[in-house]
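J.: Just passing along the structure, written as structure tokens.
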Amino acid sequence: MSGERKRLPAMWRGAKSQCPACGERGLFRAYLKVSDNCSHCGLALDGHRADDAPPYFTIFIVGHIIVPVALLVERAYTPPLYVHAAVFTILSIVLSLLTLPIVKGAVVGLQWALQMHGFAPSDAADSDTLSNDS
Ligand SMILES: [Zn+2]
């Protein structure tokens with residue numbers, strides 16, 4: 001099928017804040033606000049439905065980094081609990097804020113590659129059908 005889109009390159013471009021179609025920078029117009037259109041190829045990006053997926057995957061990723069590190073620090077140094085609370089709370093927040101745009105870009109790229117939601121070839125007809133059902 002000619003409309004086949006490769007998933008991993010699209011996710012990688014999205015993770016780098018690039019348009020999943022052409023690779024031009026500018027997927028986001030703000031920290032987590034996806035641009036309405038790609039300024040280079042004109043791809044409509046406003047039809048994505050990332051919703052809760054990026055925070056979910058971010059929590060999953062950050063948790064799998066923070067918990068082992070906290071356990072290793074506990075075994076190696078046995079710091080007081082307030083040190084754990086201070087260090088790993090701040091580390092969790094910073095790591096989440098750094099990871100979230102990367103994950104959201106990858107999710108938008110995957111949605112584009114799978115032609116989901118607003119990236120489907122006949123997205124206008126699909127969204128009209130969905131909105132009329134409710
Ligand atoms: Zn583009």
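Naming scheme: A, B, ... for chains in displayed order of the structure tokens; residues 1 onward per chain; ligands 1 onward as shown.
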Given a cut-off of 12 Å, what residues near ligand 1 show up using only C-alpha atoms and all ligand atoms, put as a compact mmCIF listing (two decimals) with C-alpha atoms, in the first residue's frame?
T.:
```txt
# COMPACT_ATOMS: atom_id res chain seq x y z
CA ALA A 10 8.17 8.80 12.72
CA ARG A 13 11.36 12.42 14.60
CA GLY A 14 8.52 13.19 17.00
CA SER A 17 10.35 17.63 18.26
CA GLN A 18 10.39 17.27 14.49
CA CYS A 19 7.48 16.88 12.12
CA PRO A 20 6.89 13.12 11.72
CA ALA A 21 6.34 13.52 7.98
CA CYS A 22 9.21 15.75 6.84
CA GLY A 23 11.57 15.92 9.85
CA GLU A 24 11.56 19.70 10.09
CA ARG A 25 11.80 21.09 13.64
CA GLY A 26 8.73 22.71 15.13
CA LEU A 27 6.41 19.94 16.25
CA PHE A 28 5.68 21.97 19.39
CA SER A 35 1.67 23.14 16.43
CA ASP A 36 -1.44 23.33 14.29
CA ASN A 37 0.50 22.71 11.08
CA CYS A 38 4.04 21.91 10.04
CA SER A 39 5.63 25.12 8.75
CA HIS A 40 7.63 23.16 6.16
CA CYS A 41 5.31 20.53 4.65
CA GLY A 42 1.96 21.84 5.89
CA LEU A 43 0.96 18.60 7.63
CA ALA A 44 -2.02 19.26 9.90
CA LEU A 45 -0.81 18.30 13.37
CA GLY A 109 4.71 10.48 15.52
CA TRP A 112 0.82 9.86 12.34
```
J.: Find the residues around region 94-100 of chain A up to 7 Å (only C-alpha atoms counted), leave out those fewer than 2 positions away in its own chain, and share them as a list of chain:residue names.
T.: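 So the residues in contact are A:Pro54, A:Pro55, A:Thr58, A:Val62, A:Ile90, A:Leu91, A:Ser92, A:Ile102, A:Val103, A:Lys104.
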J.: Would you export the selected residues with N, CA and C atoms as an mmCIF file, in the first residue's frame, please?
T.:
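Output below, filename selection.cif:
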```
data_model
loop_
_atom_site.group_PDB
_atom_site.id
_atom_site.type_symbol
_atom_site.label_atom_id
_atom_site.label_comp_id
_atom_site.auth_asym_id
_atom_site.auth_seq_id
_atom_site.Cartn_x
_atom_site.Cartn_y
_atom_site.Cartn_z
ATOM 1 N N PRO A 54 1.107 10.182 26.833
ATOM 2 C CA PRO A 54 2.444 10.664 27.210
ATOM 3 C C PRO A 54 2.687 10.690 28.725
ATOM 4 N N PRO A 55 1.761 11.211 29.542
ATOM 5 C CA PRO A 55 2.011 11.148 30.988
ATOM 6 C C PRO A 55 2.118 9.713 31.508
ATOM 7 N N THR A 58 5.462 8.432 30.534
ATOM 8 C CA THR A 58 6.476 9.173 31.279
ATOM 9 C C THR A 58 6.586 8.651 32.708
ATOM 10 N N VAL A 62 10.021 7.108 34.034
ATOM 11 C CA VAL A 62 10.696 7.766 35.154
ATOM 12 C C VAL A 62 10.679 6.862 36.391
ATOM 13 N N ILE A 90 12.712 15.830 43.748
ATOM 14 C CA ILE A 90 13.179 16.804 42.755
ATOM 15 C C ILE A 90 13.644 16.092 41.491
ATOM 16 N N LEU A 91 14.372 15.007 41.653
ATOM 17 C CA LEU A 91 14.857 14.256 40.493
ATOM 18 C C LEU A 91 13.690 13.718 39.664
ATOM 19 N N SER A 92 12.640 13.243 40.328
ATOM 20 C CA SER A 92 11.466 12.733 39.620
ATOM 21 C C SER A 92 10.781 13.832 38.828
ATOM 22 N N ILE A 102 9.454 14.585 24.993
ATOM 23 C CA ILE A 102 10.038 13.541 24.138
ATOM 24 C C ILE A 102 9.011 12.456 23.879
ATOM 25 N N VAL A 103 8.355 12.022 24.961
ATOM 26 C CA VAL A 103 7.367 10.952 24.836
ATOM 27 C C VAL A 103 6.149 11.434 24.046
ATOM 28 N N LYS A 104 5.720 12.668 24.301
ATOM 29 C CA LYS A 104 4.564 13.173 23.566
ATOM 30 C C LYS A 104 4.866 13.270 22.076
#
```
J.: I'd like the contact shell of region 65-76 of chain A - 10 Å cut-off, only C-alpha atoms, skipping same-chain residues fewer than 2 positions apart - returned as a VMD selection string.
T.: chain A and resid 59 to 63 78 to 81 84 to 85 87 to 89 91 to 92 95
J.: Excluding Met116 (chain A) and its own-chain neighbours fewer than 4 positions away, which residues fall within 9 Å of it when counting only C-alpha atoms? Please give them as a PyMOL selection string.
T.: chain A and resi 47-49+110-112+120+123
J.: Would you mind exporting N, CA, C and O atoms of the selected residues as a compact mmCIF listing (two decimals), in the first residue's frame?
T.:
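Wrote it out as again-v1.txt, contents follow:
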```
# COMPACT_ATOMS: atom_id res chain seq x y z
N GLY A 47 -4.76 17.39 14.68
CA GLY A 47 -5.70 16.28 14.82
C GLY A 47 -5.20 15.15 15.70
O GLY A 47 -5.89 14.15 15.87
N HIS A 48 -4.03 15.32 16.30
CA HIS A 48 -3.50 14.25 17.14
C HIS A 48 -4.36 14.08 18.39
O HIS A 48 -5.04 15.02 18.81
N ARG A 49 -4.34 12.87 18.95
CA ARG A 49 -5.07 12.60 20.19
C ARG A 49 -4.13 11.92 21.17
O ARG A 49 -4.34 10.77 21.54
N LEU A 110 3.89 8.34 16.30
CA LEU A 110 3.29 7.01 16.11
C LEU A 110 1.86 7.13 15.58
O LEU A 110 1.45 6.37 14.71
N GLN A 111 1.12 8.09 16.12
CA GLN A 111 -0.25 8.28 15.62
C GLN A 111 -0.25 8.67 14.15
O GLN A 111 -1.10 8.23 13.38
N TRP A 112 0.73 9.49 13.75
CA TRP A 112 0.82 9.86 12.34
C TRP A 112 1.16 8.62 11.49
O TRP A 112 0.55 8.39 10.45
N ALA A 120 -5.56 10.29 9.71
CA ALA A 120 -6.14 9.34 8.76
C ALA A 120 -6.41 10.06 7.44
O ALA A 120 -6.70 11.26 7.44
N ASP A 123 -9.77 11.83 7.47
CA ASP A 123 -10.02 12.20 8.86
C ASP A 123 -11.25 13.08 9.00
O ASP A 123 -11.96 13.00 9.98
```
J.: From a DSSP calculation on the backbone, collect every residue of chain A in alpha helix (DSSP H) and output the set as a PyMOL selection string.
T.: chain A and resi 7-15+53-77+81-113+123-133
J.: So that I can check the surroundings of Gly3 (chain A), please list as a ChimeraX atom specification every protein, DNA and RNA residue that reaches within 10 Å of it, counting only C-alpha atoms and ignoring chain neighbours fewer than 5 positions away.
T.: /A:113-115,121
J.: Just give me the gap between CA of Phe57 (chain A) and CA of Met11 (chain A) in Å, one decimal is fine.
T.: 13.7 Å
J.: From a DSSP calculation on the backbone, collect every residue of chain A in strand (DSSP E or B) and output the set as a ChimeraX atom specification.
T.: /A:18,25,28,34,37,44
J.: Would you mind exporting N, CA, C and O atoms of the selected residues as a compact mmCIF listing (two decimals), in the first residue's frame?
T.:
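Output file out-v8.txt is given in full below:
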```txt
# COMPACT_ATOMS: atom_id res chain seq x y z
N GLN A 18 10.42 17.02 15.93
CA GLN A 18 10.39 17.27 14.49
C GLN A 18 9.07 16.77 13.93
O GLN A 18 8.43 15.88 14.51
N ARG A 25 12.06 20.77 12.23
CA ARG A 25 11.80 21.09 13.64
C ARG A 25 10.54 21.94 13.75
O ARG A 25 10.17 22.63 12.82
N PHE A 28 6.34 21.28 18.29
CA PHE A 28 5.68 21.97 19.39
C PHE A 28 5.82 23.48 19.21
O PHE A 28 6.87 23.97 18.83
N VAL A 34 1.23 21.13 20.71
CA VAL A 34 1.59 20.72 19.37
C VAL A 34 1.14 21.81 18.40
O VAL A 34 0.03 22.34 18.52
N ASN A 37 0.02 23.23 12.36
CA ASN A 37 0.50 22.71 11.08
C ASN A 37 2.02 22.73 11.07
O ASN A 37 2.63 23.53 11.77
N ALA A 44 -1.15 18.85 8.79
CA ALA A 44 -2.02 19.26 9.90
C ALA A 44 -1.71 18.39 11.11
O ALA A 44 -1.89 17.18 11.08
```
J.: Pick out the closest residue to Lys33 (chain A) from this set: A:Asp46, A:Arg7, A:Val107, A:Tyr77. Count only C-alpha atoms.
T.: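 Smallest distance to Lys33 (chain A) is found for A:Asp46.
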